[in-house]
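A.B. asks: Structure incoming, see below.
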Amino acid sequence: MTTNQTAVAVHQIARPTGFPAATDFAYAETPVPSPGAGAALVENLLLSVDPYHRGMMDGGEGGFELNTPLEGRAVGRVVASRDSGLREGDLVFHREGWRTHALVTLGANGTRKLRGHEGVPLEAYLGILGGTGLTAYAALTRTAALREGEDLFVSAAAGGVGTATGHIARLLGARRIIGSAGSTAKVRHLTGALGFDAAFDYHDGPVGELLAQAAPDGIDVYVDNVGGDHLAGAIDVLREYGRIAWVGGISMYNGDRSPAAPRNLFEVVHKSLRLEGVLVRNHTNLQDELEDFLVPHLRSGHISMDTTVAQGIDRTVDAFLGMLRGDNLGKMLVRLGD
């Protein structure tokens with residue numbers, strides 16, 4: 001390890017008011033730390049920027065502290081170790097991201113060695129094989145229990161969780177897969193490149209009407225990444241005994257966190273619907289199952305890697321803000337170094 005290296009970390013220095021601004025963040029330089037007993041020093045290779053970060057930036061219980069390195073999912077290589085379970089050169093997944101270097105301990109805060117599947121690029125471990133894919137897999141197989149031949153709607157379908165949901169649902173035997181997105185180009189990407197049966201731009205009219213046109217016979221399952229009018233529209237279109245796996249609420253992240261309930265919420269009772277939230281931290285036991293299910297399809301090229309990648313630690317904030325604006329197709333990542 002080179003002793004005169006500099007470590008760079010992204011700090012949050014102010015609480016956002018509405019949509020975050022670049023001035024809410026700063027890049028801080030420190031000497032690269034040395035691992036103490038039981039720890040390992042990781043040089044990060046890839047960082048993940050995710051919608052959930054926005055909620056944590058408001059502070060409060062479980063939120064980010066100001067003027068400290070921001071956490072986040074990352075993949076890195078061990079460059080020095082005093083952890084008996086980690087050796088130099090090991091590739092690890094951890095949650096001490098948004099920085100160039102991190103001190104980790106195997107098994108602590110989600111730190112694990114990557115299984116290193118031959119022929120699978122590192123980007124997959126923060127995308128369809130990471131928390132993004134795990135969220136989609138848990139939503140479909142556990143929360144909504146999607147069955148072969150059922151029809152699915154997923155909102156924010158061109159994002160990380162949305163694209164993973166589409167891939168996994170097809171492998172599970174979904175009959176029709178419908179997605180919403182924020183531009184004509186994304187709609188074309190969903191139906192052309194990703195094989196969605198139908199998709200619509202939610203700017204083109206009331207979401208409930210657009211969804212009803214795309215799914216005239218109804219849907220069985222809704223994976224919700226947006227909330228708001230998307231949730232209300234899905235409740236209208238869901239068939240009896242339909243299921244909603246509520247992953248996120250992008251429509252609420254930069255404004256009121258406690259919006260009024262959908263106007264048609266009583267339809268949950270009338271149609272015997274089930275609505276359940278999905279927190280990926282409650283499903284980490286499915287990681288090996290997810291990889292065993294998806295890796296053969298990644299190797300064969302049957303499913304694709306859907307990523308948008310920014311280059312360099314100094315692009316982390318730009319990547320995060322771009323993800324919130326919907327600039328990405330698939331999972332938004334930051335690559336460090338070469």
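Chain labels A, B, ... are given in the sequence in which chains occur in the structure tokens; within each chain residues are numbered consecutively from 1, and ligands are likewise numbered from 1 in the order shown.
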Just the residues within 10 Å of A:Ile178, please, counting only C-alpha atoms, with nothing from its chain fewer than 4 positions along; format it as a PyMOL selection string.
C.D. replies: chain A and resi 151-155+157+166+190-191+195-200+211+214-215+219+222
A.B. asks: Run DSSP on the backbone of this structure and report the residues of stretch 128-320 of chain A it assigns to helix (DSSP H, G or I), as a ChimeraX atom specification.
C.D. replies: /A:131-143,160-171,184-193,202-204,207-214,228-237,250-252,267-270,280-300,313-320
A.B. asks: Mind checking DSSP for stretch 105-280 of chain A and telling me the strand (DSSP E) residues as a ChimeraX atom specification?
C.D. replies: /A:112-113,152-154,177-181,198-201,219-224,238-246,274-277
A.B. asks: Residues as selected, C-alpha atoms, written as a tab-separated table (two decimals), in the first residue's frame, can you do that?
C.D. replies:
chain	number	residue	atom	x	y	z
A	112	ARG	CA	-19.23	-9.93	2.21
A	113	LYS	CA	-16.81	-11.45	-0.25
A	152	LEU	CA	-47.51	-7.29	-14.06
A	153	PHE	CA	-47.20	-3.51	-14.00
A	154	VAL	CA	-44.00	-1.85	-12.77
A	177	ILE	CA	-45.31	-6.95	-18.45
A	178	ILE	CA	-46.27	-3.26	-18.58
A	179	GLY	CA	-44.05	-0.37	-17.55
A	180	SER	CA	-44.23	3.38	-17.06
A	181	ALA	CA	-41.31	5.71	-17.71
A	198	ALA	CA	-46.47	-2.39	-23.32
A	199	ALA	CA	-45.18	0.87	-21.85
A	200	PHE	CA	-46.25	4.49	-21.58
A	201	ASP	CA	-44.80	7.90	-20.77
A	219	ILE	CA	-53.23	-6.74	-13.92
A	220	ASP	CA	-52.46	-9.19	-11.12
A	221	VAL	CA	-49.34	-7.63	-9.60
A	222	TYR	CA	-47.98	-4.08	-9.27
A	223	VAL	CA	-44.38	-3.35	-8.25
A	224	ASP	CA	-44.50	0.29	-7.16
A	238	LEU	CA	-55.78	-4.55	-10.37
A	239	ARG	CA	-57.97	-7.62	-10.56
A	240	GLU	CA	-59.57	-9.19	-7.52
A	241	TYR	CA	-56.96	-10.65	-5.13
A	242	GLY	CA	-54.23	-8.61	-6.80
A	243	ARG	CA	-50.99	-7.79	-4.97
A	244	ILE	CA	-48.97	-4.60	-4.62
A	245	ALA	CA	-45.29	-4.75	-3.66
A	246	TRP	CA	-44.47	-1.18	-2.64
A	274	ARG	CA	-52.90	-7.02	-0.66
A	275	LEU	CA	-50.43	-4.12	-0.29
A	276	GLU	CA	-47.10	-4.75	1.43
A	277	GLY	CA	-43.89	-2.73	1.65
A.B. asks: Between A:Gly312, A:Gly18, A:Gly160, A:Gly149, which has the minimum distance to A:Gly130 (counting only C-alpha atoms)?
C.D. replies: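 For A:Gly130, the nearest of the given residues is A:Gly160.
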A.B. asks: Distance atom CA of A:Val42-atom CA of A:Trp98, one decimal place?
C.D. replies: 12.6 Å
A.B. asks: What's the 12 Å shell around A:Ile13, counting only C-alpha atoms, without same-chain residues fewer than 6 positions away, as a ChimeraX atom specification?
C.D. replies: /A:20-28,57-59,64-70
A.B. asks: Generate the output file for the selected residues, C-alpha atoms, as a PDB file, in the first residue's frame.
C.D. replies:
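Writing done, so here's part.pdb:
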ATOM      1  CA  PRO A  20     -31.054  18.434  -3.674  1.00  0.00           C
ATOM      2  CA  ALA A  21     -28.435  20.806  -5.079  1.00  0.00           C
ATOM      3  CA  ALA A  22     -24.750  20.207  -5.739  1.00  0.00           C
ATOM      4  CA  THR A  23     -24.002  22.806  -3.044  1.00  0.00           C
ATOM      5  CA  ASP A  24     -25.489  20.434  -0.426  1.00  0.00           C
ATOM      6  CA  PHE A  25     -22.375  18.283  -0.834  1.00  0.00           C
ATOM      7  CA  ALA A  26     -18.596  18.578  -0.675  1.00  0.00           C
ATOM      8  CA  TYR A  27     -15.630  16.375  -1.556  1.00  0.00           C
ATOM      9  CA  ALA A  28     -13.242  15.917   1.387  1.00  0.00           C
ATOM     10  CA  MET A  57     -30.438  13.191   3.602  1.00  0.00           C
ATOM     11  CA  ASP A  58     -33.201  14.863   5.595  1.00  0.00           C
ATOM     12  CA  GLY A  59     -31.591  13.580   8.804  1.00  0.00           C
ATOM     13  CA  PHE A  64     -27.223  10.853   7.386  1.00  0.00           C
ATOM     14  CA  GLU A  65     -25.153  13.056   9.661  1.00  0.00           C
ATOM     15  CA  LEU A  66     -23.744  16.233   8.181  1.00  0.00           C
ATOM     16  CA  ASN A  67     -20.028  16.609   7.438  1.00  0.00           C
ATOM     17  CA  THR A  68     -19.308  12.878   7.453  1.00  0.00           C
ATOM     18  CA  PRO A  69     -18.746  10.458   4.557  1.00  0.00           C
ATOM     19  CA  LEU A  70     -22.008   9.269   3.049  1.00  0.00           C
TER      20      LEU A  70
END
A.B. asks: Nearest residue to A:Val49 out of A:Lys331, A:His302, A:His94, A:Arg99, using only C-alpha atoms?
C.D. replies: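 That would be A:Lys331, the residue with the smallest distance to A:Val49.
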A.B. asks: What is the distance between atom CA of A:Arg263 and atom CA of A:Glu209, in Å to one decimal?
C.D. replies: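 Between these atoms lies a distance of 15.0 Å.
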A.B. asks: Choose the residue, out of A:Thr132, A:Thr141, A:Asn44, A:Thr100, that has the smallest atom-to-atom separation from A:Ala164; count only C-alpha atoms.
C.D. replies: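 When distances to A:Ala164 are compared using only C-alpha atoms, the smallest one comes from A:Thr132.
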